[in-house]
>>> print(open('entry_28.cif').read())   # mmCIF, C-alpha atoms
data_structure
#
loop_
_atom_site.label_atom_id
_atom_site.label_comp_id
_atom_site.auth_asym_id
_atom_site.auth_seq_id
_atom_site.Cartn_x
_atom_site.Cartn_y
_atom_site.Cartn_z
CA MET S 1 -30.89 -38.26 16.89
CA THR S 2 -29.23 -36.18 14.19
CA SER S 3 -26.23 -34.14 14.89
CA THR S 4 -26.04 -30.61 13.52
CA SER S 5 -22.65 -29.22 12.86
CA ASP S 6 -21.74 -25.60 13.31
CA PRO S 7 -20.74 -24.21 9.88
CA PHE S 8 -18.34 -21.87 11.65
CA GLN S 9 -16.65 -24.56 13.67
CA PRO S 10 -12.94 -23.90 13.18
CA GLU S 11 -10.94 -26.44 11.25
CA PRO S 12 -7.21 -26.93 11.79
CA LEU S 13 -5.10 -23.91 10.85
CA THR S 14 -3.26 -23.86 7.56
CA ILE S 15 0.03 -21.96 7.49
CA LEU S 16 1.32 -21.04 4.03
CA GLU S 17 4.47 -19.36 2.81
CA ASP S 18 3.07 -18.80 -0.68
CA PRO S 19 -0.68 -18.23 -0.35
CA ASP S 20 -3.00 -18.03 -3.34
CA ARG S 21 -3.34 -14.34 -4.27
CA GLN S 22 -7.10 -14.75 -4.68
CA GLU S 23 -7.36 -15.92 -1.08
CA VAL S 24 -5.32 -12.92 0.09
CA HIS S 25 -7.61 -10.61 -1.92
CA PHE S 26 -10.57 -12.37 -0.28
CA LEU S 27 -9.24 -11.37 3.15
CA GLU S 28 -8.58 -7.79 2.01
CA ASP S 29 -12.12 -7.54 0.61
CA ARG S 30 -13.66 -8.79 3.86
CA LEU S 31 -11.65 -6.24 5.86
CA TYR S 32 -12.72 -3.46 3.47
CA GLU S 33 -16.37 -4.53 3.90
CA TYR S 34 -15.96 -4.31 7.67
CA ASN S 35 -14.31 -0.89 7.41
CA VAL S 36 -17.14 0.42 5.23
CA ALA S 37 -19.80 -1.00 7.54
CA THR S 38 -18.09 0.55 10.57
CA THR S 39 -17.23 3.98 9.14
CA GLY S 40 -19.86 4.45 6.45
CA ILE S 41 -17.06 5.51 4.10
CA SER S 42 -17.30 3.50 0.89
CA ASP S 43 -15.18 5.39 -1.64
CA GLY S 44 -12.19 3.02 -1.60
CA ARG S 45 -10.42 2.59 -4.92
CA LEU S 46 -7.21 0.83 -5.87
CA LEU S 47 -4.41 2.85 -7.44
CA ALA S 48 -1.73 1.34 -9.67
CA ILE S 49 0.69 3.16 -11.94
CA PHE S 50 3.16 1.30 -14.15
CA LEU S 51 6.04 2.24 -16.39
CA ARG S 52 6.87 -0.36 -19.05
CA ASP S 53 9.75 -0.85 -21.44
CA PRO S 54 9.27 -1.34 -25.21
CA GLN S 55 8.79 -5.10 -24.60
CA ASN S 56 5.90 -4.27 -22.22
CA GLU S 57 7.88 -5.44 -19.16
CA ILE S 58 7.27 -3.49 -15.96
CA ILE S 59 10.34 -1.43 -15.11
CA ALA S 60 8.78 0.71 -12.39
CA GLY S 61 5.48 0.90 -10.58
CA LEU S 62 3.43 2.11 -7.68
CA TYR S 63 0.52 0.43 -5.92
CA GLY S 64 -1.85 1.62 -3.23
CA TRP S 65 -5.35 2.96 -2.80
CA THR S 66 -7.47 5.91 -1.84
CA TRP S 67 -10.16 5.75 0.81
CA GLY S 68 -11.85 8.30 3.03
CA GLY S 69 -9.82 11.32 1.92
CA CYS S 70 -6.52 9.50 2.23
CA CYS S 71 -4.13 7.92 -0.25
CA GLU S 72 -1.89 5.12 0.96
CA VAL S 73 1.10 4.10 -1.12
CA LYS S 74 1.90 0.47 -0.30
CA THR S 75 4.54 -0.29 -2.93
CA LEU S 76 6.91 1.82 -5.00
CA TRP S 77 9.54 0.05 -7.05
CA VAL S 78 11.99 1.08 -9.77
CA HIS S 79 14.25 -1.41 -11.54
CA GLU S 80 17.72 -1.26 -10.02
CA LYS S 81 19.39 -0.24 -13.31
CA LEU S 82 17.01 2.72 -13.70
CA ARG S 83 17.18 4.21 -10.21
CA GLY S 84 18.36 7.81 -9.88
CA ARG S 85 16.73 8.88 -13.15
CA GLY S 86 13.62 10.46 -11.66
CA LEU S 87 11.23 7.57 -12.30
CA GLY S 88 10.28 7.22 -8.64
CA THR S 89 9.59 10.95 -8.49
CA ARG S 90 7.43 10.71 -11.62
CA LEU S 91 5.44 7.87 -10.10
CA MET S 92 4.93 9.71 -6.81
CA GLN S 93 3.90 12.92 -8.61
CA ALA S 94 1.38 10.98 -10.68
CA ALA S 95 0.03 9.31 -7.53
CA GLU S 96 -0.27 12.67 -5.79
CA GLN S 97 -2.09 14.17 -8.77
CA GLU S 98 -4.51 11.24 -8.88
CA ALA S 99 -4.97 11.33 -5.09
CA ARG S 100 -5.92 15.01 -5.30
CA ARG S 101 -8.30 14.27 -8.17
CA ARG S 102 -9.97 11.66 -5.96
CA GLY S 103 -10.31 14.16 -3.10
CA ALA S 104 -7.50 12.94 -0.85
CA THR S 105 -6.11 15.44 1.65
CA GLN S 106 -3.06 13.39 2.58
CA ILE S 107 -0.78 10.62 1.38
CA VAL S 108 0.63 8.11 3.85
CA LEU S 109 3.24 5.39 3.43
CA ASN S 110 5.96 3.52 5.23
CA THR S 111 9.49 2.62 4.26
CA HIS S 112 12.40 0.97 5.99
CA SER S 113 15.29 3.12 7.17
CA PHE S 114 17.57 1.33 4.66
CA GLN S 115 15.18 2.02 1.78
CA ALA S 116 14.10 5.55 0.94
CA PRO S 117 12.95 7.83 3.80
CA SER S 118 15.08 10.73 2.53
CA PHE S 119 13.62 10.30 -0.98
CA TYR S 120 10.11 10.80 0.38
CA GLU S 121 11.21 13.70 2.58
CA ARG S 122 12.57 15.47 -0.53
CA LEU S 123 9.07 15.10 -1.97
CA GLY S 124 7.53 16.90 1.02
CA PHE S 125 6.74 13.98 3.32
CA GLU S 126 7.28 14.27 7.05
CA ARG S 127 8.20 11.47 9.44
CA VAL S 128 5.33 10.81 11.82
CA GLY S 129 6.60 7.71 13.59
CA TYR S 130 8.61 4.52 13.41
CA ASN S 131 8.92 0.97 14.69
CA GLU S 132 12.35 0.10 16.02
CA ASP S 133 14.10 -3.13 15.05
CA TYR S 134 11.97 -3.85 11.98
CA PRO S 135 14.00 -5.68 10.84
CA VAL S 136 16.56 -5.99 13.62
CA GLY S 137 18.96 -3.05 13.47
CA TYR S 138 16.68 -0.91 11.30
CA GLN S 139 13.44 1.04 11.56
CA LEU S 140 10.12 0.99 9.75
CA VAL S 141 9.48 4.70 9.15
CA PHE S 142 5.94 6.13 8.80
CA LEU S 143 5.56 9.21 6.62
CA ARG S 144 2.75 11.59 5.67
CA LYS S 145 2.30 14.38 3.18
CA ARG S 146 -0.63 16.73 3.60
CA LEU S 147 -2.17 17.82 0.34
CA GLU S 148 -3.26 21.45 0.25
#
>>> encode(input="entry_28.cif", output="structure tokens")
Amino acid sequence: MTSTSDPFQPEPLTILEDPDRQEVHFLEDRLYEYNVATTGISDGRLLAIFLRDPQNEIIAGLYGWTWGGCCEVKTLWVHEKLRGRGLGTRLMQAAEQEARRRGATQIVLNTHSFQAPSFYERLGFERVGYNEDYPVGYQLVFLRKRLE
């Protein structure tokens, strides 16, 4: 008698602190496939904007995506020595322009209360919610800007 094994039989879990980025992208791609299959909306596109110094080193950047009439900004970073010079505003304005070009009607993002909620509010974002104690003693703030 031959034994047939289930190809989807779970193996022991692997917990990693520094996972392979390709494996993380694999998970993101599977989730996107599910989202498309469920909603029928398949216009998802990544969005990355970088500012580099003369040595081609990244000194500021923004990362996110557009999908289904929405733009989500996941990461905005400006080198500490260059903050307060309008680079973050330039990045956000470029993202908004590209989001509009792609047909987005809103931009969403989150930031911690110790990071930059007032920066985004100055750019026209409104607070739409928060998670308390993330991390302990602070909030994770959810913001949205409707694009006219």
>>> resolve_selection(input="entry_28.cif", expression="the PyMOL selection byres ((chain S and resi 78) around 6)", output="list in words")
Ala60, Trp77 and His79 of chain S
>>> residues_around(input="entry_28.cif", residues="Trp67 in chain S", least_positions_apart="5", cutoff="7 Å", atoms="all atoms listed in the file", output="mmCIF file with C-alpha atoms, in the frame of the given file")
data_model
loop_
_atom_site.group_PDB
_atom_site.id
_atom_site.type_symbol
_atom_site.label_atom_id
_atom_site.label_comp_id
_atom_site.auth_asym_id
_atom_site.auth_seq_id
_atom_site.Cartn_x
_atom_site.Cartn_y
_atom_site.Cartn_z
ATOM 1 C CA ASP S 43 -15.180 5.390 -1.640
ATOM 2 C CA GLY S 44 -12.190 3.020 -1.600
ATOM 3 C CA ARG S 45 -10.420 2.590 -4.920
#
>>> closest_residue(input="entry_28.cif", among="S:Arg101, S:Lys145, S:Arg30, S:Lys81", to="Leu123 in chain S", atoms="only C-alpha atoms")
S:Lys145
>>> atom_distance(input="entry_28.cif", atom1="CA of Val141 in chain S", atom2="CA of Glu28 in chain S")
23.1 Å
>>> residues_around(input="entry_28.cif", residues="Tyr63 in chain S", least_positions_apart="5", cutoff="9 Å", atoms="only C-alpha atoms", output="list in words")
Leu46, Leu47, Ala48, Ile49, Phe50, Glu72, Val73, Lys74, Thr75 and Leu76 of chain S
>>> closest_residue(input="entry_28.cif", among="S:Arg102, S:Arg85, S:Arg144, S:His25", to="Pro117 in chain S", atoms="all atoms listed in the file")
S:Arg144
>>> closest_residue(input="entry_28.cif", among="S:Asp133, S:Glu11, S:Phe119, S:Glu33", to="Arg83 in chain S", atoms="all atoms listed in the file")
S:Phe119
>>> resolve_selection(input="entry_28.cif", expression="the PyMOL selection byres ((chain S and resi 68) around 10)", output="PyMOL selection string")
chain S and resi 36+39-45+66-67+69-71+102-105
>>> atom_distance(input="entry_28.cif", atom1="CA of Leu16 in chain S", atom2="CA of Asn131 in chain S")
25.6 Å
>>> atom_distance(input="entry_28.cif", atom1="CA of Gln115 in chain S", atom2="CA of Arg90 in chain S")
17.8 Å
>>> closest_residue(input="entry_28.cif", among="S:Leu140, S:Glu98, S:Met92, S:Gly86", to="His112 in chain S", atoms="only C-alpha atoms")
S:Leu140
>>> resolve_selection(input="entry_28.cif", expression="the PyMOL selection byres ((chain S and resi 126) around 12)", output="list of chain:residue names")
S:Gln106, S:Ile107, S:Val108, S:Leu109, S:Asn110, S:Pro117, S:Ser118, S:Phe119, S:Tyr120, S:Glu121, S:Arg122, S:Leu123, S:Gly124, S:Phe125, S:Arg127, S:Val128, S:Gly129, S:Tyr130, S:Val141, S:Phe142, S:Leu143, S:Arg144, S:Lys145, S:Arg146
>>> build_atoms(input="entry_28.cif", residues="range 108-126 of chain S", atoms="N, CA and C atoms", output="short mmCIF file (atom, residue, chain, number, x, y, z; two decimals), in the coordinates of the input")
data_model
loop_
_atom_site.label_atom_id
_atom_site.label_comp_id
_atom_site.auth_asym_id
_atom_site.auth_seq_id
_atom_site.Cartn_x
_atom_site.Cartn_y
_atom_site.Cartn_z
N VAL S 108 -0.13 8.77 2.80
CA VAL S 108 0.63 8.11 3.85
C VAL S 108 1.35 6.91 3.25
N LEU S 109 2.48 6.55 3.87
CA LEU S 109 3.24 5.39 3.43
C LEU S 109 4.23 5.02 4.51
N ASN S 110 4.85 3.87 4.35
CA ASN S 110 5.96 3.52 5.23
C ASN S 110 7.09 2.97 4.39
N THR S 111 8.29 3.10 4.92
CA THR S 111 9.49 2.62 4.26
C THR S 111 10.49 2.24 5.34
N HIS S 112 11.37 1.33 5.02
CA HIS S 112 12.40 0.97 5.99
C HIS S 112 13.52 2.01 5.96
N SER S 113 14.22 2.14 7.07
CA SER S 113 15.29 3.12 7.17
C SER S 113 16.39 2.87 6.15
N PHE S 114 16.54 1.63 5.67
CA PHE S 114 17.57 1.33 4.66
C PHE S 114 17.03 1.49 3.24
N GLN S 115 15.75 1.85 3.11
CA GLN S 115 15.18 2.02 1.78
C GLN S 115 15.23 3.49 1.37
N ALA S 116 14.14 4.24 1.58
CA ALA S 116 14.10 5.55 0.94
C ALA S 116 13.44 6.67 1.76
N PRO S 117 13.63 6.74 3.08
CA PRO S 117 12.95 7.83 3.80
C PRO S 117 13.37 9.21 3.29
N SER S 118 14.64 9.40 2.98
CA SER S 118 15.08 10.73 2.53
C SER S 118 14.49 11.07 1.16
N PHE S 119 14.28 10.08 0.30
CA PHE S 119 13.62 10.30 -0.98
C PHE S 119 12.24 10.91 -0.77
N TYR S 120 11.46 10.31 0.13
CA TYR S 120 10.11 10.80 0.38
C TYR S 120 10.14 12.18 1.06
N GLU S 121 11.09 12.39 1.93
CA GLU S 121 11.21 13.70 2.58
C GLU S 121 11.50 14.79 1.55
N ARG S 122 12.31 14.49 0.54
CA ARG S 122 12.57 15.47 -0.53
C ARG S 122 11.31 15.79 -1.31
N LEU S 123 10.34 14.87 -1.29
CA LEU S 123 9.07 15.10 -1.97
C LEU S 123 8.03 15.77 -1.07
N GLY S 124 8.44 16.18 0.13
CA GLY S 124 7.53 16.90 1.02
C GLY S 124 6.88 16.07 2.10
N PHE S 125 7.30 14.82 2.26
CA PHE S 125 6.74 13.98 3.32
C PHE S 125 7.44 14.28 4.64
N GLU S 126 6.71 14.10 5.72
CA GLU S 126 7.28 14.27 7.05
C GLU S 126 7.20 12.93 7.80
#
